[in-house]
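Asker: Provided herewith: structure-v8.json, JSON, C-alpha atoms.
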[["chain", "number", "residue", "atom", "x", "y", "z"],
["A", 1, "MET", "CA", 0.00, 0.00, 0.00],
["A", 2, "GLN", "CA", 2.82, 2.40, 0.91],
["A", 3, "LYS", "CA", 4.53, 1.60, -2.38],
["A", 4, "ILE", "CA", 1.39, 2.46, -4.37],
["A", 5, "LYS", "CA", 1.11, 5.83, -2.59],
["A", 6, "SER", "CA", 4.75, 6.59, -3.37],
["A", 7, "ILE", "CA", 4.32, 5.71, -7.04],
["A", 8, "SER", "CA", 1.11, 7.76, -7.24],
["A", 9, "LEU", "CA", 2.80, 10.78, -5.68],
["A", 10, "PHE", "CA", 5.72, 10.38, -8.05],
["A", 11, "VAL", "CA", 3.41, 10.24, -11.09],
["A", 12, "VAL", "CA", 1.45, 13.30, -9.96],
["A", 13, "PHE", "CA", 4.67, 15.19, -9.23],
["A", 14, "SER", "CA", 6.07, 14.21, -12.65],
["A", 15, "ILE", "CA", 2.93, 15.42, -14.40],
["A", 16, "LEU", "CA", 3.07, 18.74, -12.56],
["A", 17, "VAL", "CA", 6.76, 19.25, -13.37],
["A", 18, "THR", "CA", 6.21, 18.36, -17.04],
["A", 19, "THR", "CA", 3.27, 20.77, -17.27],
["A", 20, "PHE", "CA", 5.29, 23.53, -15.62],
["A", 21, "CYS", "CA", 8.28, 22.97, -17.90],
["A", 22, "CYS", "CA", 6.15, 22.98, -21.03],
["A", 23, "SER", "CA", 4.40, 26.19, -20.02],
["A", 24, "VAL", "CA", 7.64, 27.95, -19.05],
["A", 25, "PHE", "CA", 10.10, 26.66, -21.63],
["A", 26, "PHE", "CA", 7.99, 26.66, -24.75],
["A", 27, "VAL", "CA", 6.05, 29.91, -24.55],
["A", 28, "GLU", "CA", 5.30, 31.46, -27.91],
["A", 29, "ALA", "CA", 6.34, 35.14, -28.08],
["A", 30, "LYS", "CA", 3.67, 36.27, -30.53],
["A", 31, "ASP", "CA", 0.73, 38.60, -30.20],
["A", 32, "ASN", "CA", -1.79, 38.82, -33.04],
["A", 33, "GLY", "CA", 0.53, 36.75, -35.23],
["A", 34, "GLN", "CA", 3.41, 39.20, -34.81],
["A", 35, "THR", "CA", 6.44, 38.99, -32.59],
["A", 36, "LYS", "CA", 7.10, 41.90, -30.25],
["A", 37, "GLY", "CA", 9.99, 42.88, -32.49],
["A", 38, "GLU", "CA", 7.73, 43.06, -35.55],
["A", 39, "GLN", "CA", 5.23, 45.14, -33.59],
["A", 40, "HIS", "CA", 8.02, 47.50, -32.58],
["A", 41, "ARG", "CA", 9.24, 47.75, -36.18],
["A", 42, "ASN", "CA", 5.72, 48.62, -37.40],
["A", 43, "ASN", "CA", 5.08, 51.16, -34.64],
["A", 44, "MET", "CA", 8.42, 52.84, -35.25],
["A", 45, "SER", "CA", 7.79, 53.01, -39.01],
["A", 46, "THR", "CA", 4.59, 54.92, -38.27],
["A", 47, "PHE", "CA", 6.49, 57.12, -35.81],
["A", 48, "VAL", "CA", 9.19, 57.92, -38.40],
["A", 49, "GLN", "CA", 6.59, 58.77, -41.05],
["A", 50, "GLY", "CA", 4.86, 61.16, -38.63],
["A", 51, "LEU", "CA", 8.16, 62.89, -37.86],
["A", 52, "LEU", "CA", 9.04, 63.17, -41.54],
["A", 53, "THR", "CA", 5.65, 64.72, -42.26],
["A", 54, "ALA", "CA", 6.25, 67.35, -39.57],
["A", 55, "ALA", "CA", 9.82, 67.90, -40.81],
["A", 56, "ASP", "CA", 8.56, 68.58, -44.34],
["A", 57, "ASN", "CA", 6.22, 71.26, -42.99],
["A", 58, "GLU", "CA", 8.92, 73.00, -40.95],
["A", 59, "GLN", "CA", 11.55, 75.15, -42.56],
["A", 60, "GLY", "CA", 15.16, 75.62, -41.59],
["A", 61, "GLU", "CA", 16.98, 74.18, -38.61],
["A", 62, "ILE", "CA", 13.91, 72.84, -36.78],
["A", 63, "GLY", "CA", 12.78, 70.78, -39.77],
["A", 64, "GLU", "CA", 16.30, 69.46, -40.23],
["A", 65, "GLN", "CA", 16.58, 68.45, -36.56],
["A", 66, "ILE", "CA", 13.26, 66.58, -36.74],
["A", 67, "ARG", "CA", 14.37, 64.87, -39.96],
["A", 68, "THR", "CA", 17.68, 63.83, -38.34],
["A", 69, "MET", "CA", 15.85, 62.28, -35.37],
["A", 70, "ALA", "CA", 13.51, 60.44, -37.71],
["A", 71, "GLN", "CA", 16.48, 59.02, -39.64],
["A", 72, "GLN", "CA", 18.23, 57.94, -36.44],
["A", 73, "GLN", "CA", 15.13, 56.16, -35.17],
["A", 74, "ASN", "CA", 14.57, 54.58, -38.58],
["A", 75, "GLN", "CA", 18.12, 53.22, -38.60],
["A", 76, "SER", "CA", 17.85, 51.75, -35.12],
["A", 77, "LYS", "CA", 14.34, 50.25, -35.38],
["A", 78, "ASP", "CA", 15.45, 47.03, -37.10],
["A", 79, "ASN", "CA", 18.30, 46.51, -34.65],
["A", 80, "ILE", "CA", 15.97, 47.07, -31.70],
["A", 81, "ALA", "CA", 13.33, 44.75, -33.17],
["A", 82, "ASP", "CA", 15.85, 41.97, -33.74],
["A", 83, "THR", "CA", 17.20, 42.39, -30.20],
["A", 84, "ILE", "CA", 13.69, 42.28, -28.74],
["A", 85, "ASP", "CA", 13.01, 39.05, -30.62],
["A", 86, "LYS", "CA", 16.29, 37.52, -29.44],
["A", 87, "VAL", "CA", 15.54, 38.35, -25.81],
["A", 88, "ASP", "CA", 11.86, 37.42, -26.01],
["A", 89, "THR", "CA", 12.35, 34.09, -27.79],
["A", 90, "ARG", "CA", 15.33, 32.83, -25.81],
["A", 91, "ASN", "CA", 14.87, 29.17, -24.95],
["A", 92, "GLY", "CA", 13.30, 28.78, -21.52],
["A", 93, "LEU", "CA", 15.58, 25.91, -20.59],
["A", 94, "LYS", "CA", 18.60, 28.05, -21.43],
["A", 95, "ILE", "CA", 17.27, 30.87, -19.26],
["A", 96, "PHE", "CA", 16.59, 28.45, -16.42],
["A", 97, "LEU", "CA", 20.09, 26.99, -16.55],
["A", 98, "ILE", "CA", 22.43, 29.84, -17.53],
["A", 99, "GLY", "CA", 20.30, 32.96, -17.29],
["A", 100, "LEU", "CA", 19.12, 35.63, -19.63],
["A", 101, "ASP", "CA", 20.92, 37.17, -22.58],
["A", 102, "TYR", "CA", 22.78, 39.91, -20.70],
["A", 103, "LYS", "CA", 24.35, 41.39, -23.85],
["A", 104, "ASN", "CA", 21.01, 41.98, -25.56],
["A", 105, "ILE", "CA", 19.35, 43.18, -22.34],
["A", 106, "GLY", "CA", 22.14, 45.76, -22.04],
["A", 107, "GLN", "CA", 21.59, 46.80, -25.63],
["A", 108, "LEU", "CA", 17.88, 47.31, -24.95],
["A", 109, "ARG", "CA", 18.72, 49.45, -21.90],
["A", 110, "SER", "CA", 20.98, 51.55, -24.11],
["A", 111, "GLU", "CA", 18.16, 52.01, -26.62],
["A", 112, "ILE", "CA", 15.82, 53.06, -23.81],
["A", 113, "ALA", "CA", 18.34, 55.79, -22.93],
["A", 114, "ASN", "CA", 18.49, 56.86, -26.60],
["A", 115, "MET", "CA", 14.70, 57.05, -26.69],
["A", 116, "ASP", "CA", 14.74, 59.20, -23.54],
["A", 117, "ASN", "CA", 17.13, 61.58, -25.29],
["A", 118, "HIS", "CA", 14.93, 61.72, -28.39],
["A", 119, "ILE", "CA", 11.85, 62.43, -26.26],
["A", 120, "ASP", "CA", 13.67, 65.28, -24.51],
["A", 121, "ARG", "CA", 14.84, 66.71, -27.83],
["A", 122, "LEU", "CA", 11.34, 66.48, -29.32],
["A", 123, "ASN", "CA", 9.88, 68.23, -26.25],
["A", 124, "THR", "CA", 12.45, 71.00, -26.70],
["A", 125, "LEU", "CA", 11.63, 71.34, -30.40],
["A", 126, "LEU", "CA", 7.92, 71.34, -29.57],
["A", 127, "THR", "CA", 8.30, 74.71, -27.85],
["A", 128, "LYS", "CA", 9.86, 76.17, -31.01],
["A", 129, "LEU", "CA", 7.11, 75.06, -33.41],
["A", 130, "GLU", "CA", 4.56, 77.56, -34.62],
["A", 131, "ASN", "CA", 2.23, 75.47, -36.79],
["A", 132, "SER", "CA", -0.53, 73.94, -34.63],
["A", 133, "GLN", "CA", -0.83, 70.92, -36.91],
["A", 134, "ASP", "CA", 2.88, 70.18, -36.49],
["A", 135, "ILE", "CA", 2.61, 70.67, -32.73],
["A", 136, "THR", "CA", -0.19, 68.09, -32.61],
["A", 137, "THR", "CA", 1.78, 65.69, -34.83],
["A", 138, "ILE", "CA", 4.92, 65.97, -32.70],
["A", 139, "GLN", "CA", 2.90, 65.52, -29.49],
["A", 140, "GLU", "CA", 1.41, 62.32, -30.93],
["A", 141, "GLN", "CA", 4.86, 61.08, -31.95],
["A", 142, "ILE", "CA", 6.20, 61.77, -28.45],
["A", 143, "LYS", "CA", 3.37, 59.66, -27.00],
["A", 144, "THR", "CA", 4.17, 56.88, -29.48],
["A", 145, "LEU", "CA", 7.85, 56.94, -28.59],
["A", 146, "GLU", "CA", 7.06, 56.95, -24.86],
["A", 147, "ALA", "CA", 4.78, 53.93, -25.34],
["A", 148, "GLU", "CA", 7.47, 52.04, -27.26],
["A", 149, "ARG", "CA", 10.04, 52.92, -24.60],
["A", 150, "GLN", "CA", 7.69, 51.55, -21.93],
["A", 151, "LYS", "CA", 7.15, 48.32, -23.88],
["A", 152, "ILE", "CA", 10.90, 47.78, -24.16],
["A", 153, "ASN", "CA", 11.33, 48.60, -20.48],
["A", 154, "ASP", "CA", 8.62, 46.03, -19.65],
["A", 155, "ILE", "CA", 10.42, 43.39, -21.73],
["A", 156, "VAL", "CA", 13.68, 44.10, -19.89],
["A", 157, "LYS", "CA", 12.01, 43.94, -16.46],
["A", 158, "ALA", "CA", 10.10, 40.76, -17.31],
["A", 159, "ASN", "CA", 13.28, 39.03, -18.43],
["A", 160, "GLU", "CA", 15.31, 40.23, -15.47],
["A", 161, "SER", "CA", 12.79, 38.70, -13.07],
["A", 162, "LYS", "CA", 13.13, 35.19, -14.52],
["A", 163, "PHE", "CA", 14.75, 32.62, -12.28],
["A", 164, "SER", "CA", 18.08, 31.13, -13.27],
["A", 165, "LEU", "CA", 19.89, 28.25, -11.65],
["A", 166, "PHE", "CA", 23.43, 29.24, -12.66],
["A", 167, "GLY", "CA", 22.80, 32.75, -14.04],
["A", 168, "TRP", "CA", 24.73, 34.37, -11.24],
["A", 169, "PHE", "CA", 27.78, 32.33, -12.26],
["A", 170, "VAL", "CA", 27.49, 33.22, -15.96],
["A", 171, "LYS", "CA", 26.97, 36.88, -15.06],
["A", 172, "LEU", "CA", 30.35, 36.92, -13.30],
["A", 173, "PHE", "CA", 32.08, 36.18, -16.61],
["A", 174, "ASN", "CA", 29.96, 38.56, -18.70],
["A", 175, "LYS", "CA", 31.15, 41.68, -16.85]]
Could you rewrite the structure in this file as structure tokens?

Answerer:
Amino acid sequence: MQKIKSISLFVVFSILVTTFCCSVFFVEAKDNGQTKGEQHRNNMSTFVQGLLTAADNEQGEIGEQIRTMAQQQNQSKDNIADTIDKVDTRNGLKIFLIGLDYKNIGQLRSEIANMDNHIDRLNTLLTKLENSQDITTIQEQIKTLEAERQKINDIVKANESKFSLFGWFVKLFNK
């Protein structure tokens, strides 16, 4: 009788562990058929188009500064999207054993800082604009950029909170 209880407990425990592992290690990182990186790429394309529209309406130095920011964001959007996908789709077993992808997490933190700088610069330029339509467009683009920054920040925080068995050891060598 004792042996049957032990076997039953072992089977139940095995089923629970298998279910947990499958739910943690094989999570699909897609929302509406798109990865988070693809969503970022699409949102940033819209952001860049909005900035370019405002830049075309503005003359002189202000228009040029807006255009430069749009180009910088356009150049970095693919890199950020690829990094988001690498972090978000990292194998759960790998995360459990050796930890998260510290290099790509650091790169995302750097991009968050760049976005903060762009938001500050856009807010500064906003005070210099005279056309109310351009002011509205830039305000909308600032909100879009703030939302994207928050999404990236959420991805970083969610990944940093994942448990790792030997992540502390791997982190020692990544510094």

Asker: Which distance in Å separates CA of Gly37 (chain A) and CA of Asn159 (chain A), to one decimal?

Answerer: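 That distance, rounded to one decimal, is 14.9 Å.
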
Asker: Could you tell me how far CA of Gln73 (chain A) lies from CA of Asp85 (chain A), in Å and to one decimal?

Answerer: 17.8 Å

Asker: I'd like the neighbourhood of region 103-117 of chain A as a ChimeraX atom specification, where a residue qualifies if any of its atoms comes within 10 Å (using only C-alpha atoms), though same-chain residues fewer than 2 positions away should be ignored.

Answerer: /A:72-73,76-77,79-87,100-101,119-123,142,145-146,148-153,155-157,159-160,174-175

Asker: What's the 12 Å shell around Ile135 (chain A), counting all atoms listed in the file, without same-chain residues fewer than 4 positions away, as a PDB file with C-alpha atoms, in the coordinates of the input?

Answerer:
ATOM      1  CA  GLY A  50       4.860  61.160 -38.630  1.00  0.00           C
ATOM      2  CA  LEU A  51       8.160  62.890 -37.860  1.00  0.00           C
ATOM      3  CA  THR A  53       5.650  64.720 -42.260  1.00  0.00           C
ATOM      4  CA  ALA A  54       6.250  67.350 -39.570  1.00  0.00           C
ATOM      5  CA  ALA A  55       9.820  67.900 -40.810  1.00  0.00           C
ATOM      6  CA  ASN A  57       6.220  71.260 -42.990  1.00  0.00           C
ATOM      7  CA  GLU A  58       8.920  73.000 -40.950  1.00  0.00           C
ATOM      8  CA  LEU A 122      11.340  66.480 -29.320  1.00  0.00           C
ATOM      9  CA  ASN A 123       9.880  68.230 -26.250  1.00  0.00           C
ATOM     10  CA  THR A 124      12.450  71.000 -26.700  1.00  0.00           C
ATOM     11  CA  LEU A 125      11.630  71.340 -30.400  1.00  0.00           C
ATOM     12  CA  LEU A 126       7.920  71.340 -29.570  1.00  0.00           C
ATOM     13  CA  THR A 127       8.300  74.710 -27.850  1.00  0.00           C
ATOM     14  CA  LYS A 128       9.860  76.170 -31.010  1.00  0.00           C
ATOM     15  CA  LEU A 129       7.110  75.060 -33.410  1.00  0.00           C
ATOM     16  CA  GLU A 130       4.560  77.560 -34.620  1.00  0.00           C
ATOM     17  CA  ASN A 131       2.230  75.470 -36.790  1.00  0.00           C
ATOM     18  CA  GLN A 139       2.900  65.520 -29.490  1.00  0.00           C
ATOM     19  CA  GLU A 140       1.410  62.320 -30.930  1.00  0.00           C
ATOM     20  CA  GLN A 141       4.860  61.080 -31.950  1.00  0.00           C
ATOM     21  CA  ILE A 142       6.200  61.770 -28.450  1.00  0.00           C
TER      22      ILE A 142
END

Asker: Taking all atoms listed in the file into account, which of A:Thr144, A:Glu64, A:Ile95, A:Tyr102 comes nearest Ser45 (chain A)?

Answerer: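 Once distances to Ser45 (chain A) are computed over all atoms listed in the file, the minimum belongs to A:Thr144.
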
Asker: What is the distance, in Å and to one decimal place, between CA of His40 (chain A) and CA of His118 (chain A)?

Answerer: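 We find that CA of His40 (chain A) and CA of His118 (chain A) lie 16.4 Å from each other.
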
Asker: Could you work out an axis-aligned bounding box for all listed atoms of region 147-163 of chain A, with 5 Å added on each of the six sides, and give its centre and edge lengths in Å to one decimal, as AutoDock Vina command-line options?

Answerer:
--center_x 10.0 --center_y 43.3 --center_z -19.8 --size_x 20.5 --size_y 31.3 --size_z 25.0

Asker: Considering only C-alpha atoms, can you say which of A:Ile98, A:Ala147, A:Ile138, A:Ile66 comes closest to Lys162 (chain A)?

Answerer: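 Checking each of A:Ile98, A:Ala147, A:Ile138, A:Ile66 against Lys162 (chain A), counting only C-alpha atoms, the winner is A:Ile98.
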